[in-house]
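Below you'll find the structure, written out as structure tokens, and then a few comments.
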Amino acid sequence: MIKPIANWGNYPVIESNEESFVFDEQLDELVSKEQPFIARGNGRCYGDASLADRTISTLKFNKILSFDAAAGIFECQSGITLDQILTVIVPQGWFLPVTPGTKFITIGGALASDVHGKNHHVDGSISNHVLDFDLVLASGDVITCSRSVNHDLFEATCGGMGLTGVISRVKFSLKKIETSFIKQKQIKAANLQELIELFDTYKDYTYSVAWIDCLKRGEHFGRSILMLGEHASVNELGENQKSNPLKLPGNKQITFPINMPSWVLNQFTVKAFNFLYYGKNFKKEINNVVSYEPFFYPLDKVLHWNRLYGKKGFVQYQFVLPLDAKQGLIEILTRISDEGLGSFLAVLKVFGKQESMISFPKEGYTLALDFPVRGNLLAFLDELDELVLKYNGRLYMSKDARMKPKMLVAGYPELEKFKSIVKKYNPYGKIRSAQSDRLLLTDTK
Amino acid sequence: METVLVLGATSDIGMAIAKKFAAAGYNIQLAARKPELLGPLKSDIEIRYKVACSTYAFDALKYNSHAAFFDALKPDVTITIFGTMFEEEDAFNDWSLAETMINTNYTGAVSILNIAAKYYIAQQKGAIIGISSVAGDRGRASKLIYGSSKAAFTAYLAGLRNKCFKDNVHVMTVKPGFVYTRMTENMPLPKPLTSTPEEVADIVYNGFTKKKNTIYVKWFWRYIMLIIKNIPEFQFKKMKL
């Protein structure tokens, strides 16, 4: 049925004919239809990556195929969400090897975006832990890909935004945990310089990420809270926690009820929020043991929190700059502060090394910001693009709804190789999205 | 632990019901015309719910196979979900389509449930859950054959409930209204009146534990159908429904 769909940023919205499948043979049938399509999971990328006139929803293709609880190897169909996987693996002492800030994404989407988490500097992105996967090509052929078999497709599919084919099955290895709790440490940093030093001091922590106030100027420019974490061992738990060390968090959730009017978000409300958020940590340093849920997925507690940004939606802007481009980070944050476009969710993280064809992460600083869609936003983001390019950075396609093709060309040195693989396996652009058309990744119609 | 047989396990509602009973700790027997499709559901149920799950070929139209089929399984609870729905206009013009609908939805269901009921009566315990439809509550043009086959099935289940009552066999009739399934995803369904397969499964399981006789999914369909059933025939026959 044709209906309007959008991803998490609610921008853009397009009319799409969305169809689903439960069995391989039904997927086969959908792929063999003439009209171009893109596969779509839970719609949690932010922009237009999984939008097209025709979309194939993987959400009903969500069965677990095998789980080796001794070796920690999990195999499933691509439409299962991380949320469902956690409820099965955590009680048996396993955790996702890599998780982004929401558990409401499918494993297929995770691989197509090659998602990263707070442990990127230690464990890399999700593709690092994938043993093999099945891909349904535009031709209908099903191909198994791994690092040793069909290597080119393996590389081009990890982070390839679904353009090589429909990921139908994924097998990956898990992380052993003794408890489902996280020993966390939060440290306040008075400014950006201090934060960068703290990242370095605590680089051996498995999980690290910082919330940053991008409206503060002067000596407190870049004040922030660094959040660090390790999986807790049993003897680090409190008495209550010890009674069930692998406890699953309850699923109490609240729903953000309505789209906020767009005037609610302005410099003053964001400043007030930042003041409170920074101020809520009285002490310089907090140490405690918490369930994995508030540590990894604080926003999942509020269903539809994207409504905060109103009907017009928002754009998430995430870039990475090389480690030697600290100056670039300062320049970009200054530019944002000058514009008065502070974002509630400004998140900074240091990526470790990564060699991949089309995945986003590479060694350096990555900053993610949310901006509500307003009249001059797109022009402003084009300006930020220039700064990102000047410092040899690049943007994350899963967050993107608006970048120009040249931005992708400049940021991803192996783009031509990626495009040639897409062309080889998806020759007539049968698999295509609004994003791939915009970024000239697939031949235009 | 007790065992539940799900007949029609490749349907969206069948899958949801199988998962719901598995989550409650029942071992699951999945049966469908194409059992080769059931592998992923079987592994999913075994891994998520840590119960035993097995798969079987079952064809509602092969009546002669039903006795041997049931005899090999002997479940504690038998649930029929299978059914066929063709375009009514096509079925009106092509007897083979109409016949398949009637034989699947009614004759086949009666064949397998007679066998199940005999076994449960002999055991003096057991439960039968039949998924019928609100379409069986009153005949109308847009559901000519499908609706009449479900009406017959509803009447059969009521009779079976009466027959088995003294033998401690619980027979429950389930009448779903609109349900979001893969088959209906191209139809514009009114959201407040439509259930997800998971909601159907929850309501079926609750009705089962409370030993209900007839349940509507969702509950207000009972009253919608009550109104529809009470429209006088001289008026009803003129309506487009």
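By order of appearance in the structure tokens: chains A, B, ..., then residues from 1 within every chain, and ligands from 1 in the order shown.
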
Interface residues on chain B facing chain A, 9 Å, only C-alpha atoms, written as a VMD selection string:
chain B and resid 10 12 37 39 to 45 47 to 49 182 185 to 188

What residues in segment 9-235 of chain B get the DSSP label strand (DSSP E or B)? Please answer as a PDB file with N, CA, C and O atoms, in the first residue's frame.
ATOM      1  N   ASN B  27       5.253 -27.024  24.627  1.00  0.00           N
ATOM      2  CA  ASN B  27       5.982 -27.542  23.475  1.00  0.00           C
ATOM      3  C   ASN B  27       5.100 -27.357  22.248  1.00  0.00           C
ATOM      4  O   ASN B  27       3.878 -27.438  22.336  1.00  0.00           O
ATOM      5  N   ILE B  28       5.740 -27.139  21.117  1.00  0.00           N
ATOM      6  CA  ILE B  28       4.973 -26.748  19.941  1.00  0.00           C
ATOM      7  C   ILE B  28       5.160 -27.720  18.778  1.00  0.00           C
ATOM      8  O   ILE B  28       6.283 -28.124  18.466  1.00  0.00           O
ATOM      9  N   GLN B  29       4.040 -28.119  18.163  1.00  0.00           N
ATOM     10  CA  GLN B  29       4.065 -28.879  16.914  1.00  0.00           C
ATOM     11  C   GLN B  29       3.538 -27.956  15.819  1.00  0.00           C
ATOM     12  O   GLN B  29       2.401 -27.499  15.887  1.00  0.00           O
ATOM     13  N   LEU B  30       4.386 -27.675  14.840  1.00  0.00           N
ATOM     14  CA  LEU B  30       3.995 -26.779  13.755  1.00  0.00           C
ATOM     15  C   LEU B  30       3.625 -27.618  12.544  1.00  0.00           C
ATOM     16  O   LEU B  30       4.384 -28.491  12.139  1.00  0.00           O
ATOM     17  N   ALA B  31       2.446 -27.336  11.964  1.00  0.00           N
ATOM     18  CA  ALA B  31       2.058 -28.094  10.783  1.00  0.00           C
ATOM     19  C   ALA B  31       1.579 -27.145   9.698  1.00  0.00           C
ATOM     20  O   ALA B  31       0.905 -26.154   9.979  1.00  0.00           O
ATOM     21  N   ALA B  32       1.975 -27.453   8.468  1.00  0.00           N
ATOM     22  CA  ALA B  32       1.569 -26.624   7.343  1.00  0.00           C
ATOM     23  C   ALA B  32       1.676 -27.430   6.065  1.00  0.00           C
ATOM     24  O   ALA B  32       2.319 -28.489   6.030  1.00  0.00           O
ATOM     25  N   CYS B  53      10.179 -28.048  19.732  1.00  0.00           N
ATOM     26  CA  CYS B  53       9.351 -27.633  18.606  1.00  0.00           C
ATOM     27  C   CYS B  53       9.641 -28.558  17.431  1.00  0.00           C
ATOM     28  O   CYS B  53      10.792 -28.866  17.146  1.00  0.00           O
ATOM     29  N   SER B  54       8.583 -29.045  16.778  1.00  0.00           N
ATOM     30  CA  SER B  54       8.778 -29.944  15.643  1.00  0.00           C
ATOM     31  C   SER B  54       7.869 -29.509  14.498  1.00  0.00           C
ATOM     32  O   SER B  54       6.897 -28.790  14.710  1.00  0.00           O
ATOM     33  N   THR B  55       8.200 -29.940  13.291  1.00  0.00           N
ATOM     34  CA  THR B  55       7.425 -29.494  12.122  1.00  0.00           C
ATOM     35  C   THR B  55       6.869 -30.694  11.345  1.00  0.00           C
ATOM     36  O   THR B  55       7.494 -31.758  11.293  1.00  0.00           O
ATOM     37  N   TYR B  56       5.694 -30.509  10.752  1.00  0.00           N
ATOM     38  CA  TYR B  56       5.010 -31.601  10.046  1.00  0.00           C
ATOM     39  C   TYR B  56       4.307 -31.085   8.795  1.00  0.00           C
ATOM     40  O   TYR B  56       3.868 -29.939   8.761  1.00  0.00           O
ATOM     41  N   ALA B  57       4.170 -31.984   7.834  1.00  0.00           N
ATOM     42  CA  ALA B  57       3.365 -31.658   6.654  1.00  0.00           C
ATOM     43  C   ALA B  57       1.903 -31.956   6.977  1.00  0.00           C
ATOM     44  O   ALA B  57       1.581 -33.009   7.539  1.00  0.00           O
ATOM     45  N   VAL B  77      -3.420 -29.708  23.029  1.00  0.00           N
ATOM     46  CA  VAL B  77      -4.270 -28.636  22.513  1.00  0.00           C
ATOM     47  C   VAL B  77      -4.129 -28.620  20.993  1.00  0.00           C
ATOM     48  O   VAL B  77      -3.011 -28.719  20.477  1.00  0.00           O
ATOM     49  N   THR B  78      -5.269 -28.549  20.283  1.00  0.00           N
ATOM     50  CA  THR B  78      -5.215 -28.466  18.817  1.00  0.00           C
ATOM     51  C   THR B  78      -5.792 -27.127  18.370  1.00  0.00           C
ATOM     52  O   THR B  78      -6.904 -26.769  18.770  1.00  0.00           O
ATOM     53  N   ILE B  79      -5.032 -26.411  17.585  1.00  0.00           N
ATOM     54  CA  ILE B  79      -5.489 -25.097  17.112  1.00  0.00           C
ATOM     55  C   ILE B  79      -5.506 -25.091  15.585  1.00  0.00           C
ATOM     56  O   ILE B  79      -4.502 -25.401  14.949  1.00  0.00           O
ATOM     57  N   THR B  80      -6.662 -24.766  14.984  1.00  0.00           N
ATOM     58  CA  THR B  80      -6.704 -24.657  13.521  1.00  0.00           C
ATOM     59  C   THR B  80      -6.711 -23.192  13.124  1.00  0.00           C
ATOM     60  O   THR B  80      -7.552 -22.416  13.578  1.00  0.00           O
ATOM     61  N   GLY B 126      -8.641 -32.164  27.144  1.00  0.00           N
ATOM     62  CA  GLY B 126      -8.065 -31.637  25.919  1.00  0.00           C
ATOM     63  C   GLY B 126      -8.722 -30.327  25.536  1.00  0.00           C
ATOM     64  O   GLY B 126      -9.712 -29.913  26.143  1.00  0.00           O
ATOM     65  N   ALA B 127      -8.154 -29.661  24.555  1.00  0.00           N
ATOM     66  CA  ALA B 127      -8.727 -28.383  24.129  1.00  0.00           C
ATOM     67  C   ALA B 127      -8.598 -28.219  22.622  1.00  0.00           C
ATOM     68  O   ALA B 127      -7.613 -28.648  22.011  1.00  0.00           O
ATOM     69  N   ILE B 128      -9.622 -27.609  22.041  1.00  0.00           N
ATOM     70  CA  ILE B 128      -9.651 -27.330  20.600  1.00  0.00           C
ATOM     71  C   ILE B 128      -9.933 -25.844  20.429  1.00  0.00           C
ATOM     72  O   ILE B 128     -10.876 -25.309  21.018  1.00  0.00           O
ATOM     73  N   ILE B 129      -9.085 -25.205  19.666  1.00  0.00           N
ATOM     74  CA  ILE B 129      -9.316 -23.788  19.365  1.00  0.00           C
ATOM     75  C   ILE B 129      -9.449 -23.655  17.853  1.00  0.00           C
ATOM     76  O   ILE B 129      -8.559 -24.063  17.105  1.00  0.00           O
ATOM     77  N   GLY B 130     -10.602 -23.129  17.404  1.00  0.00           N
ATOM     78  CA  GLY B 130     -10.811 -22.958  15.971  1.00  0.00           C
ATOM     79  C   GLY B 130     -10.834 -21.477  15.623  1.00  0.00           C
ATOM     80  O   GLY B 130     -11.590 -20.707  16.219  1.00  0.00           O
ATOM     81  N   ILE B 131      -9.973 -21.081  14.687  1.00  0.00           N
ATOM     82  CA  ILE B 131     -10.001 -19.680  14.250  1.00  0.00           C
ATOM     83  C   ILE B 131     -11.008 -19.591  13.111  1.00  0.00           C
ATOM     84  O   ILE B 131     -10.756 -20.061  12.003  1.00  0.00           O
ATOM     85  N   VAL B 169     -13.765 -31.386  27.602  1.00  0.00           N
ATOM     86  CA  VAL B 169     -12.978 -30.890  26.475  1.00  0.00           C
ATOM     87  C   VAL B 169     -13.407 -29.449  26.190  1.00  0.00           C
ATOM     88  O   VAL B 169     -14.583 -29.170  25.992  1.00  0.00           O
ATOM     89  N   HIS B 170     -12.436 -28.552  26.214  1.00  0.00           N
ATOM     90  CA  HIS B 170     -12.718 -27.130  25.998  1.00  0.00           C
ATOM     91  C   HIS B 170     -12.651 -26.826  24.503  1.00  0.00           C
ATOM     92  O   HIS B 170     -11.643 -27.086  23.860  1.00  0.00           O
ATOM     93  N   VAL B 171     -13.740 -26.309  23.950  1.00  0.00           N
ATOM     94  CA  VAL B 171     -13.754 -25.918  22.528  1.00  0.00           C
ATOM     95  C   VAL B 171     -13.981 -24.410  22.459  1.00  0.00           C
ATOM     96  O   VAL B 171     -14.984 -23.908  22.977  1.00  0.00           O
ATOM     97  N   MET B 172     -13.029 -23.707  21.856  1.00  0.00           N
ATOM     98  CA  MET B 172     -13.143 -22.246  21.793  1.00  0.00           C
ATOM     99  C   MET B 172     -13.207 -21.774  20.339  1.00  0.00           C
ATOM    100  O   MET B 172     -12.424 -22.201  19.503  1.00  0.00           O
ATOM    101  N   THR B 173     -14.176 -20.894  20.066  1.00  0.00           N
ATOM    102  CA  THR B 173     -14.317 -20.292  18.736  1.00  0.00           C
ATOM    103  C   THR B 173     -13.698 -18.901  18.771  1.00  0.00           C
ATOM    104  O   THR B 173     -14.009 -18.124  19.670  1.00  0.00           O
ATOM    105  N   VAL B 174     -12.830 -18.627  17.811  1.00  0.00           N
ATOM    106  CA  VAL B 174     -12.196 -17.306  17.752  1.00  0.00           C
ATOM    107  C   VAL B 174     -12.653 -16.624  16.470  1.00  0.00           C
ATOM    108  O   VAL B 174     -12.568 -17.202  15.380  1.00  0.00           O
ATOM    109  N   LYS B 175     -13.134 -15.394  16.606  1.00  0.00           N
ATOM    110  CA  LYS B 175     -13.596 -14.649  15.430  1.00  0.00           C
ATOM    111  C   LYS B 175     -12.825 -13.342  15.285  1.00  0.00           C
ATOM    112  O   LYS B 175     -13.234 -12.318  15.842  1.00  0.00           O
ATOM    113  N   PRO B 176     -11.763 -13.386  14.543  1.00  0.00           N
ATOM    114  CA  PRO B 176     -11.031 -12.134  14.313  1.00  0.00           C
ATOM    115  C   PRO B 176     -11.783 -11.254  13.327  1.00  0.00           C
ATOM    116  O   PRO B 176     -12.476 -11.747  12.427  1.00  0.00           O
ATOM    117  N   PHE B 178     -10.640  -7.462  11.309  1.00  0.00           N
ATOM    118  CA  PHE B 178      -9.511  -7.177  10.426  1.00  0.00           C
ATOM    119  C   PHE B 178      -8.196  -7.457  11.143  1.00  0.00           C
ATOM    120  O   PHE B 178      -8.045  -7.160  12.315  1.00  0.00           O
ATOM    121  N   VAL B 179      -7.245  -8.042  10.420  1.00  0.00           N
ATOM    122  CA  VAL B 179      -5.926  -8.307  10.989  1.00  0.00           C
ATOM    123  C   VAL B 179      -4.864  -7.848   9.990  1.00  0.00           C
ATOM    124  O   VAL B 179      -4.990  -8.092   8.789  1.00  0.00           O
ATOM    125  N   THR B 194      -8.527  -2.809  13.558  1.00  0.00           N
ATOM    126  CA  THR B 194      -7.615  -3.829  13.056  1.00  0.00           C
ATOM    127  C   THR B 194      -6.630  -4.253  14.133  1.00  0.00           C
ATOM    128  O   THR B 194      -6.132  -3.431  14.897  1.00  0.00           O
ATOM    129  N   SER B 195      -6.367  -5.558  14.192  1.00  0.00           N
ATOM    130  CA  SER B 195      -5.433  -6.089  15.182  1.00  0.00           C
ATOM    131  C   SER B 195      -4.157  -6.541  14.492  1.00  0.00           C
ATOM    132  O   SER B 195      -4.163  -6.864  13.308  1.00  0.00           O
ATOM    133  N   THR B 214     -16.634 -18.323  23.013  1.00  0.00           N
ATOM    134  CA  THR B 214     -16.443 -17.606  21.752  1.00  0.00           C
ATOM    135  C   THR B 214     -15.802 -16.270  22.054  1.00  0.00           C
ATOM    136  O   THR B 214     -16.262 -15.551  22.944  1.00  0.00           O
ATOM    137  N   ILE B 215     -14.727 -15.966  21.358  1.00  0.00           N
ATOM    138  CA  ILE B 215     -14.128 -14.645  21.552  1.00  0.00           C
ATOM    139  C   ILE B 215     -14.024 -13.925  20.218  1.00  0.00           C
ATOM    140  O   ILE B 215     -13.794 -14.540  19.172  1.00  0.00           O
ATOM    141  N   TYR B 216     -14.207 -12.625  20.278  1.00  0.00           N
ATOM    142  CA  TYR B 216     -14.011 -11.752  19.115  1.00  0.00           C
ATOM    143  C   TYR B 216     -12.680 -11.017  19.296  1.00  0.00           C
ATOM    144  O   TYR B 216     -12.288 -10.705  20.418  1.00  0.00           O
ATOM    145  N   VAL B 217     -11.986 -10.770  18.168  1.00  0.00           N
ATOM    146  CA  VAL B 217     -10.740 -10.007  18.244  1.00  0.00           C
ATOM    147  C   VAL B 217     -10.873  -8.840  17.275  1.00  0.00           C
ATOM    148  O   VAL B 217     -11.017  -9.075  16.088  1.00  0.00           O
TER     149      VAL B 217
END

Which residues are close to Gly159 of chain B, i.e. within 12 Å by only C-alpha atoms, leaving aside same-chain residues fewer than 4 positions away? Reply as a ChimeraX atom specification.
/B:110,113-114,117,152-155,163-165,171-173,213

So which residues touch Asp71 of chain B within 9 Å, counting only C-alpha atoms, skipping near sequence neighbours fewer than 2 positions away, as a VMD selection string?
chain B and resid 66 to 69 73 to 74 115 to 116 119

Among segment 102-216 of chain B, which residues carry a DSSP assignment of helix (DSSP H, G or I), reported as a ChimeraX atom specification?
/B:102-123,134-136,141-167,182-184,191-193,197-209

Counting only C-alpha atoms, what is within 12 Å of Ile182 of chain A, bar same-chain residues fewer than 2 positions away, as a PyMOL selection string?
chain A and resi 95+177-180+184-185+205-207+227-234+236-238+241+245-246+287-296

Determine, for each residue of segment 106-210 of chain A having at least one atom at most 12 Å from an atom of segment 361-373 of chain A, the closest pair of atoms and their separation in Å to one decimal, counting only C-alpha atoms; order by chain and ascending number, as JSON lines.
{"residue": "A:Ser113", "atom": "CA", "partner": "A:Pro361", "partner_atom": "CA", "distance": 10.4}
{"residue": "A:Asp114", "atom": "CA", "partner": "A:Pro361", "partner_atom": "CA", "distance": 8.7}
{"residue": "A:Val115", "atom": "CA", "partner": "A:Pro361", "partner_atom": "CA", "distance": 8.6}
{"residue": "A:His116", "atom": "CA", "partner": "A:Pro361", "partner_atom": "CA", "distance": 7.5}
{"residue": "A:Gly117", "atom": "CA", "partner": "A:Pro361", "partner_atom": "CA", "distance": 10.3}
{"residue": "A:Lys118", "atom": "CA", "partner": "A:Thr366", "partner_atom": "CA", "distance": 11.2}
{"residue": "A:Asn119", "atom": "CA", "partner": "A:Pro361", "partner_atom": "CA", "distance": 12.0}
{"residue": "A:His120", "atom": "CA", "partner": "A:Pro361", "partner_atom": "CA", "distance": 8.4}
{"residue": "A:His121", "atom": "CA", "partner": "A:Glu363", "partner_atom": "CA", "distance": 8.2}
{"residue": "A:Val122", "atom": "CA", "partner": "A:Glu363", "partner_atom": "CA", "distance": 11.5}
{"residue": "A:Asp123", "atom": "CA", "partner": "A:Pro361", "partner_atom": "CA", "distance": 11.9}
{"residue": "A:Gly124", "atom": "CA", "partner": "A:Pro361", "partner_atom": "CA", "distance": 8.4}
{"residue": "A:Ser125", "atom": "CA", "partner": "A:Pro361", "partner_atom": "CA", "distance": 7.6}
{"residue": "A:Ile126", "atom": "CA", "partner": "A:Pro361", "partner_atom": "CA", "distance": 10.9}
{"residue": "A:Ser127", "atom": "CA", "partner": "A:Pro361", "partner_atom": "CA", "distance": 11.3}
{"residue": "A:Asn128", "atom": "CA", "partner": "A:Pro361", "partner_atom": "CA", "distance": 11.9}
{"residue": "A:Cys158", "atom": "CA", "partner": "A:Pro361", "partner_atom": "CA", "distance": 11.6}
{"residue": "A:Gly159", "atom": "CA", "partner": "A:Pro361", "partner_atom": "CA", "distance": 9.7}
{"residue": "A:Leu192", "atom": "CA", "partner": "A:Tyr365", "partner_atom": "CA", "distance": 12.0}
{"residue": "A:Leu195", "atom": "CA", "partner": "A:Tyr365", "partner_atom": "CA", "distance": 11.7}
{"residue": "A:Ile196", "atom": "CA", "partner": "A:Tyr365", "partner_atom": "CA", "distance": 9.4}
{"residue": "A:Phe199", "atom": "CA", "partner": "A:Tyr365", "partner_atom": "CA", "distance": 10.3}
{"residue": "A:Asp200", "atom": "CA", "partner": "A:Tyr365", "partner_atom": "CA", "distance": 11.8}
{"residue": "A:Val209", "atom": "CA", "partner": "A:Thr366", "partner_atom": "CA", "distance": 10.0}
{"residue": "A:Ala210", "atom": "CA", "partner": "A:Leu367", "partner_atom": "CA", "distance": 9.4}

A straight line from atom CA of Gly43 of chain A to atom CA of Lys311 of chain A spans 16.7 Å

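Shortest atom-to-atom contact with Ala6 of chain A among A:Ala52, A:Ile336, A:Leu215, A:Val166: A:Ala52, counting only C-alpha atoms.
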
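Across the structure, atom CA of Glu414 of chain A and atom CA of Val350 of chain A are spaced 22.3 Å apart.
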
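Of note, atom CA of Gln267 of chain A and atom CA of Ile225 of chain A are spaced 20.1 Å apart.
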
Surrounding residues of segment 81-86 of chain B excluding itself and chain neighbours under 3 positions, 10 Å, only C-alpha atoms, as a PyMOL selection string
chain B and resi 6-15+17+31-33+59-60+78+89-92+97-98+100-106+108-109+129-132+143+145-147+149-150+174+183

Give me a file of those residues, with C-alpha atoms, as a compact mmCIF listing (two decimals), in the first residue's frame.
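What landed in result38.txt:
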# COMPACT_ATOMS: atom_id res chain seq x y z
CA VAL B 6 -0.70 -25.39 15.35
CA LEU B 7 -2.39 -26.23 12.06
CA GLY B 8 -1.63 -23.53 9.52
CA ALA B 9 1.67 -22.46 11.08
CA THR B 10 2.97 -20.50 8.09
CA SER B 11 0.25 -17.85 8.40
CA ASP B 12 1.05 -14.66 10.29
CA ILE B 13 -1.57 -15.50 12.93
CA GLY B 14 -0.34 -19.10 13.17
CA MET B 15 3.21 -17.95 13.81
CA ILE B 17 -0.01 -18.06 18.22
CA ALA B 31 2.06 -28.09 10.78
CA ALA B 32 1.57 -26.62 7.34
CA ARG B 33 1.09 -27.59 3.74
CA ASP B 59 -2.80 -30.76 3.99
CA ALA B 60 -6.36 -29.90 5.04
CA THR B 78 -5.21 -28.47 18.82
CA GLU B 89 -15.91 -12.76 -7.78
CA ASP B 90 -13.35 -15.27 -9.08
CA ALA B 91 -14.73 -17.98 -6.82
CA PHE B 92 -18.27 -17.20 -7.96
CA LEU B 97 -11.89 -22.00 -6.38
CA ALA B 98 -15.16 -22.01 -4.45
CA THR B 100 -11.21 -25.30 -2.50
CA MET B 101 -12.34 -22.55 -0.13
CA ILE B 102 -15.24 -24.59 1.23
CA ASN B 103 -13.18 -27.75 1.53
CA THR B 104 -10.26 -26.08 3.25
CA ASN B 105 -12.16 -23.79 5.60
CA TYR B 106 -14.95 -26.20 6.48
CA GLY B 108 -10.91 -30.10 6.08
CA ALA B 109 -11.30 -28.44 9.45
CA ILE B 129 -9.32 -23.79 19.36
CA GLY B 130 -10.81 -22.96 15.97
CA ILE B 131 -10.00 -19.68 14.25
CA SER B 132 -13.19 -18.78 12.40
CA LYS B 143 -17.82 -12.57 1.43
CA ILE B 145 -18.23 -18.24 -0.27
CA TYR B 146 -15.63 -17.42 2.37
CA GLY B 147 -18.26 -16.13 4.78
CA SER B 149 -17.63 -21.58 4.83
CA LYS B 150 -16.73 -19.78 8.07
CA VAL B 174 -12.20 -17.31 17.75
CA MET B 183 -2.12 -10.80 2.84

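Distance annotation: of A:Arg169, A:Lys242, A:Lys175, A:Lys216, the residue with the minimal separation from Ala190 of chain A is A:Lys216; atom set is only C-alpha atoms.
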
Counting only C-alpha atoms, what is within 10 Å of Leu395 of chain A, bar same-chain residues fewer than 6 positions away, as a count of residues only?
18

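Among the candidate residues A:Gly47, A:Gly140, A:Gly165, A:Gly352, the one lying nearest to Asp28 of chain A is A:Gly140, with distances computed using only C-alpha atoms.
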